[in-house]
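See below for the structure under consideration.
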Amino acid sequence: MFEPPMDRCPVCGDYVVLVQAQAECAKRKNCGLNNSCPLRGAFVQTDFYRTGTTSSRAQPG
């Protein structure tokens, strides 16, 4: 079974999953994007689980 890397956040006191973007974690934990996150360097730099509003597939037209 795959267990994602996690670390305890000193700001919220909870364990956070590090295979998400820091912005996504801040949104979920209500930390706010303007706080300096002590785990900022541990998060992935891209949120691989989300896609943009545009699709890479060609739309039937």
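By order in the structure tokens, chains are A, B, ...; within a chain, residues start at 1; ligands start at 1, following the order shown.
Every protein or nucleic acid residue with an atom no more than 9 Å from segment 3-5 of chain A, counting only C-alpha atoms and leaving out same-chain residues fewer than 3 positions away, appears here: A:Val16, A:Val17, A:Leu18, A:Val19.
Distance-wise, atom CA of Gly41 of chain A and atom CA of Phe2 of chain A end up 22.1 Å apart.
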Exercise for review: Would you kindly return, as a PyMOL selection string, each protein, DNA or RNA residue with an atom no farther than 12 Å from any atom of Arg40 of chain A, considering only C-alpha atoms and excluding same-chain residues fewer than 5 positions away?
Suggested key: chain A and resi 7+9-11+16+18-26+33-35+45
